[in-house]
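Structure file protein38.txt with compact mmCIF, C-alpha atoms:
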# COMPACT_ATOMS: atom_id res chain seq x y z
CA MET A 1217 4.20 -33.10 -22.25
CA THR A 1218 2.69 -33.74 -18.83
CA VAL A 1219 2.59 -30.75 -16.47
CA THR A 1220 2.09 -31.30 -12.76
CA THR A 1221 0.66 -28.54 -10.62
CA THR A 1222 0.17 -28.10 -6.92
CA PRO A 1223 -3.47 -27.55 -5.91
CA VAL A 1224 -4.10 -24.06 -4.53
CA ARG A 1225 -4.81 -25.24 -0.99
CA GLU A 1226 -2.11 -27.94 -0.87
CA LEU A 1227 0.82 -26.46 1.04
CA PRO A 1228 4.36 -27.80 1.54
CA ASP A 1229 5.34 -28.87 5.05
CA ARG A 1230 7.86 -26.81 7.01
CA ASP A 1231 10.94 -28.68 5.81
CA ALA A 1232 9.85 -28.64 2.19
CA LEU A 1233 9.06 -24.94 2.44
CA GLY A 1234 12.51 -24.26 3.84
CA ARG A 1235 14.06 -26.09 0.90
CA LEU A 1236 11.97 -24.05 -1.53
CA TYR A 1237 13.07 -20.81 0.13
CA ARG A 1238 16.72 -21.82 -0.18
CA ALA A 1239 16.42 -23.03 -3.75
CA ARG A 1240 14.14 -20.39 -5.20
CA LEU A 1241 14.15 -17.30 -2.96
CA SER A 1242 16.98 -16.58 -0.52
CA LYS A 1243 19.12 -18.69 1.74
CA GLY A 1244 19.36 -15.74 4.12
CA ARG A 1245 15.58 -15.38 4.30
CA ALA A 1246 15.25 -19.08 5.07
CA THR A 1247 17.79 -18.72 7.88
CA LEU A 1248 15.86 -15.77 9.31
CA GLY A 1249 12.67 -17.80 9.28
CA GLU A 1250 14.39 -20.57 11.23
CA MET A 1251 15.81 -18.06 13.70
CA PHE A 1252 12.29 -16.82 14.41
CA GLY A 1253 11.08 -20.33 15.16
CA GLY A 1254 10.45 -21.81 11.73
CA HIS A 1255 6.76 -20.96 11.92
CA VAL A 1256 4.70 -21.03 8.72
CA GLU A 1257 1.87 -18.49 8.67
CA VAL A 1258 -1.20 -19.53 6.70
CA ALA A 1259 -4.12 -17.45 7.97
CA SER A 1260 -4.97 -14.19 9.72
CA GLU A 1261 -7.95 -12.45 11.26
CA GLY A 1262 -8.07 -9.19 13.16
CA ALA A 1263 -5.05 -8.97 15.43
CA TRP A 1264 -4.11 -12.64 15.09
CA VAL A 1265 -1.98 -14.76 12.75
CA THR A 1266 -2.40 -18.55 12.54
CA THR A 1267 0.37 -20.99 11.61
CA ALA A 1268 0.19 -24.29 9.74
CA GLU A 1269 0.24 -26.11 13.08
CA GLY A 1270 -2.79 -24.13 14.26
CA ARG A 1271 -0.90 -21.93 16.72
CA LYS A 1272 -2.08 -18.32 17.00
CA PHE A 1273 0.16 -15.26 17.39
CA LEU A 1274 -0.85 -11.75 18.39
CA ASN A 1275 0.39 -9.55 15.57
CA CYS A 1276 2.06 -6.47 17.02
CA GLY A 1277 4.41 -6.31 14.05
CA GLY A 1278 3.81 -5.99 10.34
CA TYR A 1279 5.87 -2.78 10.08
CA GLY A 1280 2.83 -0.56 10.38
CA VAL A 1281 0.63 -2.26 7.76
CA PHE A 1282 -2.14 -3.64 9.97
CA ILE A 1283 -3.69 -0.55 11.58
CA THR A 1284 -7.12 -1.98 10.65
CA GLY A 1285 -6.06 -5.51 11.53
CA ALA A 1286 -6.17 -8.39 9.07
CA LYS A 1287 -9.27 -8.97 6.94
CA HIS A 1288 -11.28 -6.10 8.38
CA PRO A 1289 -14.90 -6.75 7.28
CA THR A 1290 -15.29 -3.36 5.60
CA VAL A 1291 -12.07 -3.74 3.62
CA MET A 1292 -12.91 -7.30 2.66
CA ARG A 1293 -16.37 -6.29 1.47
CA HIS A 1294 -14.92 -3.65 -0.84
CA VAL A 1295 -12.24 -6.00 -2.18
CA ARG A 1296 -14.52 -9.02 -2.69
CA GLU A 1297 -17.05 -6.98 -4.64
CA GLN A 1298 -14.34 -5.54 -6.88
CA LEU A 1299 -12.60 -8.89 -7.35
CA GLU A 1300 -15.80 -10.41 -8.70
CA GLN A 1301 -16.53 -7.45 -10.94
CA HIS A 1302 -13.32 -5.96 -12.39
CA PRO A 1303 -9.94 -6.48 -10.63
CA VAL A 1304 -7.53 -4.96 -13.21
CA ALA A 1305 -8.24 -2.14 -15.64
CA THR A 1306 -7.18 -1.59 -19.26
CA ARG A 1307 -5.57 1.78 -18.39
CA LEU A 1308 -7.17 3.23 -21.55
CA PHE A 1309 -10.74 3.93 -20.44
CA MET A 1310 -11.72 5.85 -17.34
CA GLU A 1311 -12.37 3.59 -14.36
CA PRO A 1312 -14.43 4.65 -11.31
CA GLN A 1313 -12.53 3.02 -8.44
CA ILE A 1314 -9.36 5.06 -8.89
CA ALA A 1315 -11.29 8.33 -8.90
CA LEU A 1316 -13.31 7.34 -5.85
CA ALA A 1317 -10.20 6.18 -3.98
CA ALA A 1318 -8.38 9.43 -4.78
CA ASP A 1319 -11.36 11.46 -3.58
CA ALA A 1320 -11.58 9.44 -0.36
CA LEU A 1321 -7.87 9.93 0.32
CA VAL A 1322 -7.99 13.67 -0.36
CA SER A 1323 -10.97 13.95 2.00
CA VAL A 1324 -8.82 12.89 4.97
CA ALA A 1325 -5.55 14.51 3.84
CA PRO A 1326 -4.05 17.78 5.09
CA PRO A 1327 -5.55 20.84 3.36
CA GLY A 1328 -4.22 21.75 -0.05
CA LEU A 1329 -3.26 18.25 -1.19
CA GLU A 1330 -5.72 17.73 -4.03
CA ARG A 1331 -3.91 15.54 -6.56
CA VAL A 1332 -3.08 11.84 -6.16
CA HIS A 1333 -0.75 9.41 -7.90
CA PHE A 1334 -1.19 5.79 -6.82
CA ALA A 1335 1.59 3.21 -6.72
CA GLY A 1336 2.13 -0.28 -5.35
CA SER A 1337 4.68 0.20 -2.55
CA GLY A 1338 6.05 2.91 -0.32
CA ALA A 1339 9.33 2.98 -2.20
CA GLU A 1340 7.45 3.53 -5.47
CA ALA A 1341 5.66 6.47 -3.89
CA VAL A 1342 9.02 7.94 -2.90
CA GLU A 1343 10.33 7.49 -6.45
CA ALA A 1344 7.30 9.31 -7.83
CA ALA A 1345 7.77 12.15 -5.35
CA ILE A 1346 11.41 12.57 -6.41
CA LYS A 1347 10.27 12.87 -10.02
CA VAL A 1348 7.55 15.36 -9.13
CA ALA A 1349 10.17 17.46 -7.33
CA ARG A 1350 12.42 17.40 -10.38
CA THR A 1351 9.62 18.71 -12.59
CA ARG A 1352 9.61 21.73 -10.26
CA GLY A 1353 13.36 22.27 -10.57
CA ARG A 1354 14.13 20.81 -7.13
CA THR A 1355 17.14 18.63 -7.91
CA ARG A 1356 18.84 18.87 -4.51
CA LEU A 1357 17.36 16.30 -2.16
CA ILE A 1358 17.79 16.60 1.60
CA ALA A 1359 16.84 13.76 3.93
CA MET A 1360 17.51 12.88 7.55
CA ALA A 1361 20.23 10.68 9.01
CA ASP A 1362 18.89 7.25 9.98
CA GLY A 1363 15.67 7.94 8.09
CA TYR A 1364 14.07 5.22 6.01
CA HIS A 1365 12.34 5.76 2.68
CA GLY A 1366 12.75 2.42 0.90
CA LYS A 1367 15.35 0.49 -1.07
CA THR A 1368 14.73 1.18 -4.76
CA MET A 1369 17.55 3.32 -6.15
CA GLY A 1370 16.01 6.76 -5.65
CA ALA A 1371 14.41 5.89 -2.32
CA LEU A 1372 17.64 4.22 -1.19
CA SER A 1373 19.51 7.43 -1.93
CA LEU A 1374 17.30 9.08 0.71
CA THR A 1375 17.49 6.23 3.22
CA GLY A 1376 20.11 7.38 5.67
CA LYS A 1377 22.02 4.19 6.41
CA ASP A 1378 25.34 3.18 4.83
CA VAL A 1379 24.75 -0.54 5.40
CA PHE A 1380 21.93 -0.48 2.84
CA GLN A 1381 23.51 2.05 0.49
CA ASP A 1382 27.11 0.84 0.19
CA PRO A 1383 26.52 -2.26 -2.00
CA PHE A 1384 24.71 -0.15 -4.61
CA ARG A 1385 26.77 3.02 -4.96
CA PRO A 1386 26.83 5.28 -6.88
CA LEU A 1387 23.31 6.37 -5.99
CA LEU A 1388 21.48 9.54 -7.01
CA PRO A 1389 23.69 12.63 -7.04
CA SER A 1390 22.98 15.80 -5.05
CA VAL A 1391 21.52 14.04 -2.01
CA THR A 1392 22.56 15.11 1.48
CA HIS A 1393 21.58 13.99 4.97
CA VAL A 1394 21.28 16.13 8.08
CA PRO A 1395 20.66 15.07 11.69
CA TYR A 1396 17.01 14.45 12.50
CA GLY A 1397 15.66 17.15 14.79
CA ASP A 1398 18.41 19.64 13.92
CA VAL A 1399 16.68 22.56 12.20
CA GLU A 1400 19.82 24.68 11.99
CA ALA A 1401 21.68 21.96 10.09
CA LEU A 1402 18.76 21.77 7.68
CA ARG A 1403 18.67 25.54 7.22
CA LYS A 1404 22.37 25.55 6.40
CA GLU A 1405 21.84 22.98 3.64
CA LEU A 1406 18.85 24.85 2.25
CA ALA A 1407 20.73 28.14 2.27
CA ALA A 1408 23.36 26.56 0.04
CA CYS A 1409 20.78 25.73 -2.67
CA PRO A 1410 17.95 28.29 -2.58
CA GLY A 1411 15.07 27.34 -4.83
CA GLU A 1412 16.59 23.95 -5.64
CA GLY A 1413 15.84 21.79 -2.60
CA CYS A 1414 13.27 19.17 -1.69
CA VAL A 1415 13.24 17.98 1.92
CA PHE A 1416 12.06 14.46 2.85
CA VAL A 1417 11.17 13.97 6.50
CA GLU A 1418 9.25 11.48 8.65
CA PRO A 1419 7.06 12.80 11.50
CA VAL A 1420 8.46 9.97 13.62
CA GLN A 1421 11.40 7.90 12.40
CA GLY A 1422 10.10 4.34 12.54
CA GLU A 1423 13.01 2.25 11.30
CA ALA A 1424 15.46 4.41 13.25
CA GLY A 1425 13.79 3.07 16.39
CA VAL A 1426 10.67 5.23 16.94
CA VAL A 1427 12.64 8.47 17.15
CA ILE A 1428 10.29 11.29 18.13
CA PRO A 1429 11.46 14.80 17.20
CA PRO A 1430 11.35 17.74 19.61
CA PRO A 1431 8.07 19.70 19.76
CA GLY A 1432 7.72 22.17 16.93
CA TYR A 1433 10.29 20.44 14.72
CA LEU A 1434 8.03 19.70 11.76
CA GLY A 1435 6.68 23.25 11.79
CA ALA A 1436 10.22 24.61 11.83
CA VAL A 1437 11.15 22.35 8.92
CA GLU A 1438 8.19 23.70 6.95
CA ASN A 1439 9.16 27.30 7.74
CA ALA A 1440 12.73 26.66 6.59
CA CYS A 1441 11.48 25.15 3.32
CA ARG A 1442 9.29 28.18 2.67
CA GLU A 1443 12.10 30.61 3.46
CA TYR A 1444 14.52 28.98 1.02
CA GLY A 1445 12.07 27.98 -1.70
CA ALA A 1446 12.30 24.25 -1.07
CA LEU A 1447 9.55 21.68 -1.45
CA LEU A 1448 8.50 19.73 1.63
CA ALA A 1449 7.77 16.01 1.22
CA VAL A 1450 6.45 14.40 4.42
CA ASP A 1451 6.87 10.64 4.41
CA GLU A 1452 3.83 9.24 6.21
CA ILE A 1453 4.09 5.79 4.66
CA GLN A 1454 4.43 4.24 8.12
CA THR A 1455 3.08 7.01 10.36
CA GLY A 1456 -0.04 8.07 8.48
CA LEU A 1457 -3.67 6.93 8.58
CA GLY A 1458 -3.92 6.78 12.35
CA ARG A 1459 -0.75 4.94 13.30
CA LEU A 1460 0.33 7.80 15.59
CA GLY A 1461 -3.14 8.34 17.05
CA THR A 1462 -3.87 11.16 14.59
CA TRP A 1463 -4.78 10.92 10.92
CA TRP A 1464 -1.33 12.25 10.03
CA GLY A 1465 1.84 12.75 12.00
CA CYS A 1466 2.20 16.24 10.58
CA GLY A 1467 -1.34 17.16 11.62
CA PRO A 1468 -0.86 18.29 15.24
CA GLU A 1469 1.55 21.05 14.18
CA GLY A 1470 -0.64 22.15 11.29
CA VAL A 1471 2.05 21.39 8.72
CA ARG A 1472 0.94 21.59 5.10
CA PRO A 1473 3.41 19.67 2.94
CA ASP A 1474 3.78 20.04 -0.80
CA LEU A 1475 3.98 16.25 -1.10
CA LEU A 1476 2.62 13.57 1.23
CA LEU A 1477 3.66 9.93 0.92
CA VAL A 1478 1.15 7.29 2.00
CA GLY A 1479 1.29 3.51 2.12
CA LYS A 1480 1.18 0.50 4.44
CA GLY A 1481 -2.15 1.11 6.21
CA LEU A 1482 -3.71 2.31 2.95
CA SER A 1483 -3.74 -1.35 1.90
CA GLY A 1484 -6.20 -2.24 4.64
CA GLY A 1485 -3.89 -5.17 5.23
CA VAL A 1486 -5.32 -6.82 2.11
CA VAL A 1487 -3.96 -5.44 -1.19
CA PRO A 1488 -0.65 -3.51 -1.43
CA VAL A 1489 -1.12 0.14 -2.44
CA SER A 1490 0.61 3.45 -1.87
CA ALA A 1491 0.15 7.02 -3.00
CA VAL A 1492 1.71 10.44 -3.43
CA LEU A 1493 -0.52 13.41 -2.70
CA ALA A 1494 0.48 16.84 -3.97
CA THR A 1495 -0.77 20.37 -4.30
CA PRO A 1496 -2.13 21.26 -7.76
CA GLU A 1497 0.80 23.60 -8.38
CA VAL A 1498 3.47 21.04 -7.55
CA PHE A 1499 1.63 18.34 -9.51
CA GLY A 1500 1.37 20.54 -12.60
CA ALA A 1501 3.62 18.58 -14.97
CA PHE A 1502 1.91 15.30 -14.05
CA ASP A 1503 -1.45 17.03 -14.56
CA ARG A 1504 -0.58 18.02 -18.11
CA ASP A 1505 1.00 14.77 -19.30
CA PRO A 1506 -0.61 11.52 -18.09
CA TYR A 1507 2.24 9.49 -19.62
CA LEU A 1508 5.02 11.32 -17.80
CA HIS A 1509 5.14 8.74 -15.00
CA THR A 1510 3.17 5.52 -15.39
CA SER A 1511 3.02 1.99 -14.04
CA THR A 1512 0.97 -0.90 -15.39
CA PHE A 1513 -0.71 -1.71 -12.09
CA SER A 1514 -0.90 1.82 -10.68
CA GLY A 1515 -4.45 2.43 -9.55
CA ALA A 1516 -5.61 -1.13 -10.23
CA PRO A 1517 -9.32 -1.35 -9.29
CA LEU A 1518 -8.73 -4.11 -6.74
CA ALA A 1519 -6.11 -2.03 -4.89
CA MET A 1520 -8.34 1.04 -5.12
CA ALA A 1521 -11.16 -0.90 -3.52
CA ALA A 1522 -8.82 -1.86 -0.68
CA ALA A 1523 -7.82 1.77 -0.18
CA ARG A 1524 -11.44 2.90 -0.09
CA GLY A 1525 -12.24 0.12 2.34
CA ALA A 1526 -9.33 1.03 4.59
CA ILE A 1527 -10.34 4.68 4.82
CA ALA A 1528 -13.98 3.68 5.42
CA ALA A 1529 -12.95 1.25 8.19
CA LEU A 1530 -10.80 3.88 9.90
CA ARG A 1531 -13.74 6.28 9.90
CA GLU A 1532 -16.54 3.88 10.77
CA ASP A 1533 -14.75 2.26 13.72
CA ASN A 1534 -12.97 5.43 14.93
CA LEU A 1535 -9.70 3.53 14.68
CA VAL A 1536 -7.63 6.72 14.74
CA GLY A 1537 -9.03 7.61 18.15
CA ARG A 1538 -8.65 4.03 19.31
CA ALA A 1539 -4.99 4.07 18.24
CA ARG A 1540 -4.40 7.08 20.47
CA VAL A 1541 -6.15 5.58 23.51
CA LEU A 1542 -4.70 2.09 23.09
CA GLY A 1543 -1.24 3.50 22.50
CA GLU A 1544 -1.27 5.50 25.71
CA GLU A 1545 -2.24 2.40 27.71
CA ILE A 1546 0.24 0.06 26.03
CA LEU A 1547 3.06 2.55 26.44
CA ARG A 1548 2.32 2.90 30.15
CA VAL A 1549 1.83 -0.80 30.94
CA VAL A 1550 4.57 -2.25 28.74
CA GLY A 1551 6.95 0.45 29.90
CA ARG A 1552 6.33 -0.50 33.52
CA ILE A 1553 6.82 -4.21 32.82
CA VAL A 1554 10.01 -3.82 30.81
CA ARG A 1555 11.65 -1.34 33.19
CA GLY A 1556 10.68 -3.53 36.11
CA HIS A 1557 12.58 -6.48 34.68
CA TYR A 1558 15.51 -4.83 32.92
CA GLY A 1559 16.13 -1.75 35.06
CA PRO A 1560 18.93 0.45 33.71
CA VAL A 1561 19.50 -1.89 30.75
CA VAL A 1562 16.43 -0.17 29.27
CA ARG A 1563 17.35 3.28 28.03
CA GLU A 1564 13.83 4.39 27.14
CA VAL A 1565 10.34 3.13 26.33
CA ARG A 1566 8.68 5.63 24.04
CA GLY A 1567 5.99 5.94 21.46
CA ARG A 1568 3.17 7.84 19.88
CA GLY A 1569 -0.13 6.15 19.18
CA LEU A 1570 0.46 2.57 18.13
CA MET A 1571 4.11 2.98 17.19
CA LEU A 1572 6.15 2.07 20.27
CA GLY A 1573 9.84 1.44 20.78
CA ILE A 1574 11.81 -0.23 23.57
CA GLU A 1575 15.39 1.03 23.42
CA PHE A 1576 18.11 -0.84 25.27
CA ALA A 1577 21.41 0.60 26.43
CA GLU A 1578 23.51 -2.17 24.87
CA PRO A 1579 23.42 -4.55 21.88
CA GLY A 1580 21.70 -7.90 22.31
CA PRO A 1581 18.56 -7.50 24.43
CA ALA A 1582 16.35 -6.15 21.64
CA GLY A 1583 16.96 -9.13 19.35
CA ASP A 1584 16.74 -11.66 22.16
CA LEU A 1585 13.48 -10.18 23.44
CA LEU A 1586 12.04 -10.21 19.92
CA ILE A 1587 12.71 -13.95 19.62
CA GLU A 1588 11.45 -14.59 23.15
CA LEU A 1589 8.21 -12.73 22.47
CA ILE A 1590 7.58 -14.98 19.48
CA GLN A 1591 8.00 -18.00 21.73
CA HIS A 1592 5.30 -16.50 23.95
CA GLY A 1593 2.91 -15.82 21.08
CA VAL A 1594 3.57 -12.18 20.14
CA ILE A 1595 4.99 -10.92 16.84
CA ALA A 1596 6.99 -7.69 17.17
CA ASN A 1597 9.46 -5.88 14.91
CA HIS A 1598 13.15 -5.12 14.95
CA SER A 1599 14.27 -1.71 13.70
CA LEU A 1600 16.20 -1.78 10.43
CA ASN A 1601 18.25 1.29 11.32
CA SER A 1602 18.75 0.60 15.03
CA HIS A 1603 19.76 -2.72 16.55
CA LEU A 1604 19.06 -1.32 20.02
CA VAL A 1605 15.30 -0.90 19.55
CA LEU A 1606 12.47 -3.43 19.54
CA ARG A 1607 9.23 -2.05 18.11
CA LEU A 1608 5.55 -2.74 18.66
CA THR A 1609 3.12 -1.68 15.92
CA PRO A 1610 -0.16 -3.38 16.87
CA PRO A 1611 -3.50 -2.84 15.14
CA ALA A 1612 -6.16 -0.48 16.45
CA VAL A 1613 -8.64 -3.37 16.74
CA LEU A 1614 -7.11 -4.89 19.89
CA THR A 1615 -9.68 -6.11 22.43
CA ARG A 1616 -9.29 -6.18 26.21
CA GLY A 1617 -8.47 -9.86 25.93
CA ASP A 1618 -5.80 -9.12 23.35
CA LEU A 1619 -4.25 -6.50 25.61
CA ASP A 1620 -4.21 -8.87 28.58
CA PHE A 1621 -2.52 -11.51 26.42
CA LEU A 1622 0.07 -8.96 25.27
CA TYR A 1623 0.93 -7.80 28.78
CA GLU A 1624 1.24 -11.35 30.10
CA ALA A 1625 3.43 -12.36 27.16
CA VAL A 1626 5.68 -9.31 27.58
CA ASP A 1627 6.02 -10.05 31.30
CA ARG A 1628 6.94 -13.71 30.73
CA ALA A 1629 9.32 -12.89 27.89
CA CYS A 1630 11.09 -10.23 29.92
CA ARG A 1631 11.29 -12.55 32.91
CA ALA A 1632 12.96 -15.19 30.73
CA GLN A 1633 15.51 -12.83 29.17
CA ALA A 1634 16.29 -10.04 31.60
CA ALA A 1635 18.49 -12.12 33.90
CA ARG A 1636 20.98 -12.56 31.06
CA TYR A 1637 21.63 -8.84 31.09
CA THR A 1638 20.89 -7.99 34.71
CA PRO A 1639 22.38 -10.93 36.64
CA THR A 1640 22.29 -9.15 40.00
CA ARG A 1641 18.64 -8.14 39.74
CA GLU A 1642 15.61 -10.19 40.62
CA SER A 1643 13.45 -10.73 37.59
CA GLY A 1644 10.21 -11.36 39.40
Show me this structure written as structure tokens.
Amino acid sequence: MTVTTTPVRELPDRDALGRLYRARLSKGRATLGEMFGGHVEVASEGAWVTTAEGRKFLNCGGYGVFITGAKHPTVMRHVREQLEQHPVATRLFMEPQIALAADALVSVAPPGLERVHFAGSGAEAVEAAIKVARTRGRTRLIAMADGYHGKTMGALSLTGKDVFQDPFRPLLPSVTHVPYGDVEALRKELAACPGEGCVFVEPVQGEAGVVIPPPGYLGAVENACREYGALLAVDEIQTGLGRLGTWWGCGPEGVRPDLLLVGKGLSGGVVPVSAVLATPEVFGAFDRDPYLHTSTFSGAPLAMAAARGAIAALREDNLVGRARVLGEEILRVVGRIVRGHYGPVVREVRGRGLMLGIEFAEPGPAGDLLIELIQHGVIANHSLNSHLVLRLTPPAVLTRGDLDFLYEAVDRACRAQAARYTPTRESG
């Protein structure tokens, strides 16, 4: 039998790739790709993505993954060395990279979080946290309306959006949702199940459209959990590791969670990896039985090298501080540009660090501006749980030239689209 193979570097053209997507992956995903211009990404470096045609796009999307940019030299050095030496472990012997990665992560984590379980995706980290909570007798899960924690069955049960949940019901039992920012509603739920609850909360709700809670909210959530004997799981999969201009979104209020979920930026933009951090007490059952919750590729040396490299890059280049400074400038400049073009059609431009949201007062402008930005060379994000909000999640490695390109592109994109929604206003 003759077997034909495609050489590694030989890529299908755009039309052939579209046919492959439709035949082997998803017709809907192929349609989305066409809606966003039919571009085929083949390379990346720093803040930029290159297509098969050689066009470059400033990557202000990526759903929070690229805080260190693409192919950061420190991350790549760690990964290349590990790839050549030992990429996947037997899971029977001890292996150094997983221990070193766990130690590095604990060194930058909130105090008290001393145990680590590694996984491959954010949703897997959420699943592990649910299981940890159950080993502590916390079978009542409380999450926030419009929050996002992933789409595997347990994580989906916490994700507060019917459009994602309805096709897969019934989900996990004993899960309730309360309004984000409403401490009294949370306290009422906790009072109904003392000693049985585990609360999942994001410091800023990313997929809900960069929803920032009122000052003191996270601290009040922690106090309520302590009062009613609940565990507190802070989901920092998207907000952690500098995305908000601090190492952790729960840091400024001094919150000490029982469980911390980490992902996205932990990959260094190179190898997918996530983690659950826990206090020794909460992690007790997992401490005693290493086979209680396992995964073949959990803690794979190559992913652990990426995690170590990501943490090293964040430290060496002060990317957390850069995220804060860059975010303040982008929020100010982009806010001025967008409001200048759209006027009252823009409800709010908000953000923290390098997670920024442009919320419109009506359906339509967010999606149209997203597509227009792509035409002008900038990749942004929609918000899965809010069709009114366009998001920017750029890397902390942006240069002055990158910023100038971004502002010019936003200005031209807004100029092209705003008149559709503000016909009586001048767009220039």
Spatial neighbours of Arg1296 in chain A, 12 Å, all atoms listed in the file, chain gap at least 2 places, as a list in words: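 Close residues of Arg1296 in chain A: Lys1287, His1288, Pro1289, Thr1290, Val1291, Met1292, Arg1293, His1294, Gln1298, Leu1299, Glu1300, Gln1301, His1302, Pro1303, Val1486, Val1487, Pro1517, Leu1518, Ala1519, Ala1521, Ala1522 and Gly1525 of chain A.
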- request: Rounded to one decimal place, report the CA of Leu1604 in chain A-CA of Tyr1558 in chain A distance in Å.
  value: 13.8 Å
- prompt: For Glu1412 in chain A, which of A:Ile1428, A:Ala1317, A:Leu1357, A:Val1399 is the closest residue, counting all atoms listed in the file?
  reply: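 Among the listed residues, the smallest separation from Glu1412 in chain A belongs to A:Leu1357.
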- prompt: Using all atoms listed in the file, which of A:Tyr1364, A:Phe1282, A:Phe1513, A:Phe1252 sits nearest Glu1423 in chain A?
  reply: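 Nearest candidate to Glu1423 in chain A out of A:Tyr1364, A:Phe1282, A:Phe1513, A:Phe1252: A:Tyr1364.
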query: What separation in Å, quoted to one decimal, exists between CA of Leu1475 in chain A and CA of Val1426 in chain A?
result: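 That distance, rounded to one decimal, is 22.2 Å.
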- request: Just give me the gap between CA of Tyr1433 in chain A and CA of Ser1390 in chain A in Å, one decimal is fine.
  value: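 Answer for the CA of Tyr1433 in chain A to CA of Ser1390 in chain A separation: 23.9 Å.
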- prompt: Smallest atom-to-atom distance to Val1613 in chain A: which of A:Glu1400, A:Glu1261, A:Glu1575, A:Asp1229, using only C-alpha atoms?
  reply: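 Closest candidate: A:Glu1261.
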message: Let me make sure I understand: among A:Cys1414, A:Ala1401, A:Ala1325, A:Leu1586, which one has the smallest atom-to-atom distance to Gly1458 in chain A if we use all atoms listed in the file?
response: A:Ala1325
task: Go through A:Ala1320, A:Ala1232, A:Val1450, A:Leu1387 and flag the residue nearest Leu1434 in chain A, using all atoms listed in the file for the distances.
output: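 Looking only at the distances to Leu1434 in chain A, the closest residue turns out to be A:Val1450.
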Distance criterion (all atoms listed in the file): nearest to Leu1316 in chain A out of A:Val1489, A:Lys1480, A:Gly1422, A:Ala1523: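 Closest candidate: A:Ala1523.
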Spatial neighbours of Pro1395 in chain A, 6 Å, all atoms listed in the file, chain gap at least 2 places, as a list in words: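 Answer for this query is Met1360, Ala1361 and Asp1398 of chain A.
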- request: Pick out the residues sitting within 9 Å of Pro1496 in chain A, and hand them over as a list in words; count all atoms listed in the file, and ignore anything fewer than 4 positions along from it in its own chain.
  value: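 The residues that qualify are Gly1328, Leu1329, Glu1330, Arg1331, Gly1500 and Asp1503 of chain A.
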Box for range 1549-1553 of chain A - axis-aligned, 5 Å on each of the six sides, all listed atoms - centre and size in Å to one decimal, as lines of an AutoDock Vina configuration file.
center_x = 4.4
center_y = -1.9
center_z = 31.1
size_x = 15.1
size_y = 14.7
size_z = 14.8
- request: Skip Pro1326 in chain A itself and residues of its chain fewer than 3 positions away, then list as a PyMOL selection string all residues within 12 Å of it, counting all atoms listed in the file.
  value: chain A and resi 1321-1323+1329-1331+1450+1452+1456-1457+1462-1477+1493-1495
Written file, previous selection with C-alpha atoms, as a PDB file, in the frame of the given file:
ATOM      1  CA  LEU A1321      -7.870   9.930   0.320  1.00  0.00           C
ATOM      2  CA  VAL A1322      -7.990  13.670  -0.360  1.00  0.00           C
ATOM      3  CA  SER A1323     -10.970  13.950   2.000  1.00  0.00           C
ATOM      4  CA  LEU A1329      -3.260  18.250  -1.190  1.00  0.00           C
ATOM      5  CA  GLU A1330      -5.720  17.730  -4.030  1.00  0.00           C
ATOM      6  CA  ARG A1331      -3.910  15.540  -6.560  1.00  0.00           C
ATOM      7  CA  VAL A1450       6.450  14.400   4.420  1.00  0.00           C
ATOM      8  CA  GLU A1452       3.830   9.240   6.210  1.00  0.00           C
ATOM      9  CA  GLY A1456      -0.040   8.070   8.480  1.00  0.00           C
ATOM     10  CA  LEU A1457      -3.670   6.930   8.580  1.00  0.00           C
ATOM     11  CA  THR A1462      -3.870  11.160  14.590  1.00  0.00           C
ATOM     12  CA  TRP A1463      -4.780  10.920  10.920  1.00  0.00           C
ATOM     13  CA  TRP A1464      -1.330  12.250  10.030  1.00  0.00           C
ATOM     14  CA  GLY A1465       1.840  12.750  12.000  1.00  0.00           C
ATOM     15  CA  CYS A1466       2.200  16.240  10.580  1.00  0.00           C
ATOM     16  CA  GLY A1467      -1.340  17.160  11.620  1.00  0.00           C
ATOM     17  CA  PRO A1468      -0.860  18.290  15.240  1.00  0.00           C
ATOM     18  CA  GLU A1469       1.550  21.050  14.180  1.00  0.00           C
ATOM     19  CA  GLY A1470      -0.640  22.150  11.290  1.00  0.00           C
ATOM     20  CA  VAL A1471       2.050  21.390   8.720  1.00  0.00           C
ATOM     21  CA  ARG A1472       0.940  21.590   5.100  1.00  0.00           C
ATOM     22  CA  PRO A1473       3.410  19.670   2.940  1.00  0.00           C
ATOM     23  CA  ASP A1474       3.780  20.040  -0.800  1.00  0.00           C
ATOM     24  CA  LEU A1475       3.980  16.250  -1.100  1.00  0.00           C
ATOM     25  CA  LEU A1476       2.620  13.570   1.230  1.00  0.00           C
ATOM     26  CA  LEU A1477       3.660   9.930   0.920  1.00  0.00           C
ATOM     27  CA  LEU A1493      -0.520  13.410  -2.700  1.00  0.00           C
ATOM     28  CA  ALA A1494       0.480  16.840  -3.970  1.00  0.00           C
ATOM     29  CA  THR A1495      -0.770  20.370  -4.300  1.00  0.00           C
TER      30      THR A1495
END
message: Please return as a PyMOL selection string every residue within 10 Å of (8.9, 22.2, 1.2), taking into account all atoms listed in the file and the file's own coordinates.
response: chain A and resi 1349+1354+1413-1416+1437-1450+1472-1475
Polymer residues at most 6 Å from Gly1573 in chain A, all atoms listed in the file, same-chain spacing of 6 or more positions, as a list in words: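 Non-adjacent residues within range: Val1426, Val1565, Arg1566, Gly1567, Leu1606 and Arg1607 of chain A.
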